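Asks: Before anything else, here's the structure in question.
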Amino acid sequence: MSAATIGLPEILAAVMVLALNAYVLTGGADFGGGVWDLLARGPRRAAQRELIASQIGPIWEANHVWLILVVVLLFTAFPAAFATLGVVLHVPLSLMLVGIVLRGSSFVFRSYGARDDATQQRWGRVFAMASVITPLLLGIIVGTIASGAAGGAAERLATTRDATFVSVFVAPWLSPFPLAMGALALAMFAFLAAVYLALAADDDVLREDFRRRALGAAAAIFVSAFGGLAVAHVMAPRVTGVLIGSRAIVFQLATGLAAIAALWAVWTRRLRLARIAAALQVSLILWGWVLVQYPFIVPPVHGVRDSAAPRVTLELLLGALAGGALILFPALGYLFRTFAAERRGR
């Protein structure tokens with residue numbers, strides 16, 4: 001689409017994806033930390049979990065501001081799409097929200113509750129399992145939308161008398177392609193977390209623990225990405241049609257180069273570069289989802305423009321975003337600087 005035809009719906013859709021991108025790079029890494037908490041092994045498992053906890057808290061809850069922004073933008077700017085997703089995907093969305101709540105509450109109870117081993121193990125298991133299940137569900141939701149299964153289920157519900165609960169509310173997301181995208185999301189979050197934690201570790205041995213985990217997670221991304229592409233070839237041909245089409249060549253090359261740079265930087269222990277390259281790789285994969293389904297919010301039933309709210313609503317929303325940014329960004333910057341200084345002083 002040319003710059004001359006970009007309107008308020010496209011601008012607000014882009015802001016929504018940017019907010020989701022910020023959530024993936026911050027909150028997603030926190031979920032990945034929970035994965036490594038679950039998989040902590042060996043004589044340094046206590047030190048590994050201590051590093052994870054120190055990096056997640058006390059600012060981890062602030063990362064959810066980006067997810068809240070995504071939800072607010074979706075139901076305000078694109079109410080028809082929000083309604084469709086809220087109905088058709090209410091099962092995985094509800095489970096994901098339960099996972100977010102369980103993860104947050106268990107992290108607090110483990111950090112500030114009773115210190116006996118039984119209590120710590122109980123809340124640790126809840127925290128770790130919720131950290132695994134929630135990213136899986138997020139990837140499943142994205143895969144269901146991108147493949148057109150969510151839109152197809154909405155059409156089936158509206159036009160077919162014999163639509164069943166399973167065919168509308170379960171089968172669209174509990175299928176091979178969404179499950180493959182769930183595995184990809186989990187691998188990406190684990191990779192981000194491992195790279196971040198390797199850079200944050202003060203101990204060389206602990207740094208090596210997470211560097212090796214980052215290499216393992218990079219391999220998992222490779223397997224899940226190409227496995228998902230193979231599944232899409234059969235189950236979601238529209239997805240593969242876009243990803244291997246001519247308009248995606250440059251995008252795919254950029255994603256591949258970012259992946260190679262991230263892997264090389266981790267392998268050669270250039271961890272600051274690895275953090276940048278890993279964030280770029282994950283961001284490009286996320287924007288690949290946008291490329292797959294543009295110009296739809298929920299393909300094939302809700303486009304960016306035909307599902308947009310009235311213009312006056314979009315204008316007011318854009319003004320509110322601009323005003324809110326003047327408060328949000330300085331506040332988040334202050335928060336991160338405060339606790340980064342606190343960690344350095346330990």
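Labels for the structure tokens follow display order: chains A, B, ..., residues from 1 in each chain, ligands from 1.
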Quick one: residues within 7 Å of range 254-257 of chain A, only C-alpha atoms, excluding same-chain residues fewer than 3 positions away - as an NGL selection string?
Replies: :A and (250-251 or 260-261 or 281 or 284-285)
Asks: Give me the residues near Ile145 in chain A as an MDAnalysis selection string, where near means some atom within 10 Å (using only C-alpha atoms) and where sequence neighbours in that chain fewer than 3 positions away do not count.
Replies: chainID A and resid 85 89 139:142 148:152 172:173 178 289 293 296:300
Asks: I need the chosen residues saved as a tab-separated table (two decimals), in the first residue's frame, with N, CA, C and O atoms.
Replies:
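Listed below is the output, part22.tsv:
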```
chain	number	residue	atom	x	y	z
A	85	LEU	N	-12.97	-12.34	17.59
A	85	LEU	CA	-11.93	-13.09	18.31
A	85	LEU	C	-12.38	-13.44	19.72
A	85	LEU	O	-12.07	-14.54	20.21
A	89	LEU	N	-12.43	-17.42	19.82
A	89	LEU	CA	-11.23	-17.87	20.53
A	89	LEU	C	-11.35	-17.68	22.04
A	89	LEU	O	-10.34	-17.54	22.73
A	139	GLY	N	0.95	-18.34	20.96
A	139	GLY	CA	1.30	-18.75	19.61
A	139	GLY	C	0.16	-19.46	18.90
A	139	GLY	O	-0.05	-19.28	17.70
A	140	ILE	N	-0.58	-20.27	19.63
A	140	ILE	CA	-1.73	-20.96	19.05
A	140	ILE	C	-2.77	-19.96	18.57
A	140	ILE	O	-3.34	-20.10	17.48
A	141	ILE	N	-3.02	-18.92	19.36
A	141	ILE	CA	-4.00	-17.89	18.98
A	141	ILE	C	-3.54	-17.18	17.71
A	141	ILE	O	-4.33	-16.98	16.78
A	142	VAL	N	-2.27	-16.80	17.67
A	142	VAL	CA	-1.73	-16.13	16.48
A	142	VAL	C	-1.85	-17.04	15.26
A	142	VAL	O	-2.25	-16.60	14.17
A	148	GLY	N	-6.50	-18.18	9.00
A	148	GLY	CA	-7.87	-17.96	8.58
A	148	GLY	C	-8.87	-18.85	9.27
A	148	GLY	O	-10.08	-18.76	9.02
A	149	ALA	N	-8.41	-19.72	10.18
A	149	ALA	CA	-9.32	-20.63	10.86
A	149	ALA	C	-10.28	-19.89	11.78
A	149	ALA	O	-11.45	-20.28	11.92
A	150	ALA	N	-9.81	-18.82	12.43
A	150	ALA	CA	-10.70	-18.05	13.31
A	150	ALA	C	-11.81	-17.40	12.50
A	150	ALA	O	-12.99	-17.44	12.88
A	151	GLY	N	-11.44	-16.77	11.37
A	151	GLY	CA	-12.45	-16.16	10.52
A	151	GLY	C	-13.41	-17.18	9.94
A	151	GLY	O	-14.61	-16.95	9.84
A	152	GLY	N	-12.87	-18.34	9.56
A	152	GLY	CA	-13.72	-19.40	9.03
A	152	GLY	C	-14.71	-19.90	10.06
A	152	GLY	O	-15.87	-20.18	9.74
A	172	PRO	N	-10.79	-25.09	15.47
A	172	PRO	CA	-9.95	-24.12	14.75
A	172	PRO	C	-8.58	-23.89	15.38
A	172	PRO	O	-7.60	-23.66	14.66
A	173	TRP	N	-8.49	-23.93	16.70
A	173	TRP	CA	-7.20	-23.67	17.34
A	173	TRP	C	-6.49	-24.94	17.78
A	173	TRP	O	-5.26	-24.93	17.93
A	178	PRO	N	-1.80	-24.16	14.18
A	178	PRO	CA	-1.74	-23.35	15.41
A	178	PRO	C	-0.84	-23.96	16.48
A	178	PRO	O	-0.11	-23.23	17.18
A	289	TRP	N	4.03	-12.40	10.57
A	289	TRP	CA	2.60	-12.68	10.78
A	289	TRP	C	1.76	-11.56	10.17
A	289	TRP	O	0.75	-11.81	9.51
A	293	GLN	N	-1.12	-11.89	6.90
A	293	GLN	CA	-2.56	-11.65	6.92
A	293	GLN	C	-2.99	-10.25	6.47
A	293	GLN	O	-4.19	-9.96	6.39
A	296	PHE	N	-5.86	-7.88	6.39
A	296	PHE	CA	-6.91	-8.32	7.31
A	296	PHE	C	-6.45	-8.21	8.76
A	296	PHE	O	-5.28	-8.41	9.07
A	297	ILE	N	-7.40	-7.93	9.65
A	297	ILE	CA	-7.19	-8.10	11.09
A	297	ILE	C	-7.52	-9.54	11.46
A	297	ILE	O	-6.77	-10.21	12.17
A	298	VAL	N	-8.66	-10.03	10.95
A	298	VAL	CA	-9.05	-11.43	11.11
A	298	VAL	C	-9.39	-11.97	9.72
A	298	VAL	O	-10.51	-11.78	9.23
A	299	PRO	N	-8.43	-12.57	9.05
A	299	PRO	CA	-8.72	-13.08	7.71
A	299	PRO	C	-9.67	-14.27	7.77
A	299	PRO	O	-9.59	-15.07	8.72
A	300	PRO	N	-10.58	-14.40	6.81
A	300	PRO	CA	-10.83	-13.49	5.69
A	300	PRO	C	-12.04	-12.60	5.92
A	300	PRO	O	-12.60	-12.09	4.94
```
Asks: Figure out the distance between CA of Ala232 in chain A and CA of Val87 in chain A, please, to one decimal in Å.
Replies: 24.3 Å
Asks: For CA of Trp66 in chain A and CA of Ala14 in chain A, determine how far apart the two atoms are, in Å to one decimal place.
Replies: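 Distance between the two atoms: 13.5 Å.
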Asks: Which neighbours of Gly227 in chain A fall inside 10 Å, counting only C-alpha atoms, when residues of the same chain fewer than 6 positions from it are skipped, and could you give them as a PyMOL selection string?
Replies: chain A and resi 177+180-181+183-184+221+233
Asks: I need the residue nearest Ala217 in chain A from this list: A:Val170, A:Trp264, A:Ala77, A:Gly32. Use only C-alpha atoms for the distance.
Replies: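 Nearest to Ala217 in chain A: A:Gly32.
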Asks: Taking the DSSP assignment computed from this structure's backbone, write out as JSON, numbers by chain all residues of range 58-307 of chain A that belong to helix (DSSP H, G or I).
Replies: {"A": [60, 61, 62, 63, 64, 65, 66, 67, 68, 69, 70, 71, 72, 73, 74, 75, 76, 77, 79, 80, 81, 82, 83, 84, 85, 86, 87, 88, 90, 91, 92, 93, 94, 95, 96, 97, 98, 99, 100, 101, 102, 103, 104, 105, 106, 107, 108, 109, 110, 111, 112, 117, 118, 119, 120, 121, 122, 123, 124, 125, 126, 127, 128, 129, 130, 131, 132, 133, 134, 135, 136, 137, 138, 139, 140, 141, 142, 143, 144, 145, 146, 149, 150, 151, 152, 153, 154, 155, 156, 157, 158, 159, 165, 166, 167, 168, 169, 170, 176, 177, 178, 179, 180, 181, 182, 183, 184, 185, 186, 187, 188, 189, 190, 191, 192, 193, 194, 195, 196, 197, 198, 199, 200, 204, 205, 206, 207, 208, 209, 210, 211, 212, 213, 214, 215, 216, 217, 218, 219, 220, 221, 222, 223, 224, 225, 226, 227, 228, 229, 230, 231, 232, 233, 234, 235, 237, 238, 239, 240, 241, 242, 243, 246, 247, 248, 249, 250, 251, 252, 253, 254, 255, 256, 257, 258, 259, 260, 261, 262, 263, 264, 265, 266, 267, 271, 272, 273, 274, 275, 276, 277, 278, 279, 280, 281, 282, 283, 284, 285, 286, 287, 288, 289, 290, 291, 292, 293]}
Asks: So that I can check the surroundings of Asn21 in chain A, please list as a list in words every protein, DNA and RNA residue that reaches within 9 Å of it, counting only C-alpha atoms and ignoring chain neighbours fewer than 2 positions away.
Replies: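 So the residues in contact are Met16, Val17, Leu18, Ala19, Tyr23, Val24, Leu25, Thr26, Trp66, Val282, Ser283, Leu286 and Trp287 of chain A.
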Asks: Can those selected residues be exported to a file as a compact mmCIF listing (two decimals), in the first residue's frame so that it contains all heavy atoms?
Replies:
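That gives us out_5.txt:
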```
# COMPACT_ATOMS: atom_id res chain seq x y z
N MET A 16 -0.71 -1.05 17.17
CA MET A 16 -1.10 -2.26 17.90
C MET A 16 -0.03 -3.35 17.76
O MET A 16 0.33 -4.01 18.75
CB MET A 16 -2.44 -2.76 17.38
CG MET A 16 -3.03 -3.93 18.14
SD MET A 16 -4.77 -4.20 17.73
CE MET A 16 -4.64 -4.57 15.97
N VAL A 17 0.50 -3.52 16.55
CA VAL A 17 1.53 -4.53 16.35
C VAL A 17 2.83 -4.12 17.05
O VAL A 17 3.54 -4.96 17.61
CB VAL A 17 1.77 -4.78 14.85
CG1 VAL A 17 2.85 -5.83 14.65
CG2 VAL A 17 0.49 -5.24 14.18
N LEU A 18 3.15 -2.82 17.04
CA LEU A 18 4.34 -2.36 17.76
C LEU A 18 4.22 -2.64 19.25
O LEU A 18 5.19 -3.03 19.91
CB LEU A 18 4.53 -0.86 17.53
CG LEU A 18 5.07 -0.45 16.14
CD1 LEU A 18 4.98 1.06 15.97
CD2 LEU A 18 6.51 -0.93 15.96
N ALA A 19 3.02 -2.45 19.81
CA ALA A 19 2.81 -2.75 21.22
C ALA A 19 2.96 -4.24 21.49
O ALA A 19 3.56 -4.65 22.50
CB ALA A 19 1.42 -2.28 21.66
N TYR A 23 5.69 -6.22 23.84
CA TYR A 23 5.31 -7.24 24.83
C TYR A 23 6.11 -8.52 24.62
O TYR A 23 6.57 -9.15 25.58
CB TYR A 23 3.82 -7.53 24.73
CG TYR A 23 3.35 -8.55 25.74
CD1 TYR A 23 3.36 -8.25 27.11
CD2 TYR A 23 2.90 -9.81 25.35
CE1 TYR A 23 2.93 -9.18 28.04
CE2 TYR A 23 2.46 -10.73 26.28
CZ TYR A 23 2.49 -10.42 27.62
OH TYR A 23 2.08 -11.35 28.56
N VAL A 24 6.30 -8.90 23.37
CA VAL A 24 7.06 -10.12 23.07
C VAL A 24 8.50 -9.98 23.56
O VAL A 24 9.07 -10.92 24.14
CB VAL A 24 7.01 -10.40 21.56
CG1 VAL A 24 8.05 -11.44 21.17
CG2 VAL A 24 5.62 -10.89 21.16
N LEU A 25 9.12 -8.82 23.34
CA LEU A 25 10.53 -8.64 23.69
C LEU A 25 10.76 -8.47 25.19
O LEU A 25 11.87 -8.66 25.67
CB LEU A 25 11.11 -7.43 22.95
CG LEU A 25 11.17 -7.55 21.43
CD1 LEU A 25 11.78 -6.29 20.83
CD2 LEU A 25 11.95 -8.77 20.98
N THR A 26 9.73 -8.09 25.92
CA THR A 26 9.86 -7.89 27.36
C THR A 26 9.13 -8.98 28.14
O THR A 26 9.76 -9.81 28.78
CB THR A 26 9.34 -6.49 27.75
OG1 THR A 26 7.97 -6.35 27.30
CG2 THR A 26 10.18 -5.40 27.14
N TRP A 66 2.01 -3.41 27.76
CA TRP A 66 1.95 -3.53 26.30
C TRP A 66 0.81 -4.44 25.87
O TRP A 66 0.14 -4.17 24.86
CB TRP A 66 3.28 -4.05 25.76
CG TRP A 66 4.43 -3.20 26.16
CD1 TRP A 66 5.48 -3.53 26.98
CD2 TRP A 66 4.66 -1.82 25.77
NE1 TRP A 66 6.33 -2.47 27.12
CE2 TRP A 66 5.87 -1.42 26.40
CE3 TRP A 66 3.97 -0.92 24.97
CZ2 TRP A 66 6.38 -0.13 26.23
CZ3 TRP A 66 4.49 0.35 24.81
CH2 TRP A 66 5.68 0.74 25.43
N VAL A 282 13.36 -12.12 16.42
CA VAL A 282 12.02 -12.39 16.94
C VAL A 282 11.03 -11.34 16.43
O VAL A 282 9.88 -11.66 16.09
CB VAL A 282 12.05 -12.44 18.48
CG1 VAL A 282 10.64 -12.48 19.06
CG2 VAL A 282 12.85 -13.65 18.95
N SER A 283 11.46 -10.09 16.37
CA SER A 283 10.58 -9.03 15.87
C SER A 283 10.21 -9.27 14.41
O SER A 283 9.05 -9.09 14.01
CB SER A 283 11.25 -7.66 16.02
OG SER A 283 11.48 -7.36 17.38
N LEU A 286 7.62 -11.92 14.13
CA LEU A 286 6.30 -11.37 14.49
C LEU A 286 5.71 -10.57 13.33
O LEU A 286 4.53 -10.72 12.99
CB LEU A 286 6.43 -10.50 15.73
CG LEU A 286 5.16 -9.74 16.15
CD1 LEU A 286 4.09 -10.72 16.59
CD2 LEU A 286 5.47 -8.75 17.26
N TRP A 287 6.53 -9.72 12.72
CA TRP A 287 6.02 -8.91 11.60
C TRP A 287 5.75 -9.77 10.37
O TRP A 287 4.98 -9.36 9.49
CB TRP A 287 6.98 -7.77 11.30
CG TRP A 287 6.85 -6.67 12.31
CD1 TRP A 287 7.52 -6.55 13.49
CD2 TRP A 287 5.96 -5.55 12.24
NE1 TRP A 287 7.10 -5.43 14.18
CE2 TRP A 287 6.16 -4.79 13.43
CE3 TRP A 287 5.05 -5.11 11.30
CZ2 TRP A 287 5.45 -3.63 13.69
CZ3 TRP A 287 4.33 -3.94 11.56
CH2 TRP A 287 4.53 -3.21 12.74
```
Asks: Hey, which of A:Met188, A:Leu97, A:Leu316, A:Leu197 ends up closest to Ala53 in chain A? Count only C-alpha atoms.
Replies: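 Smallest separation from Ala53 in chain A among the options: A:Leu197.
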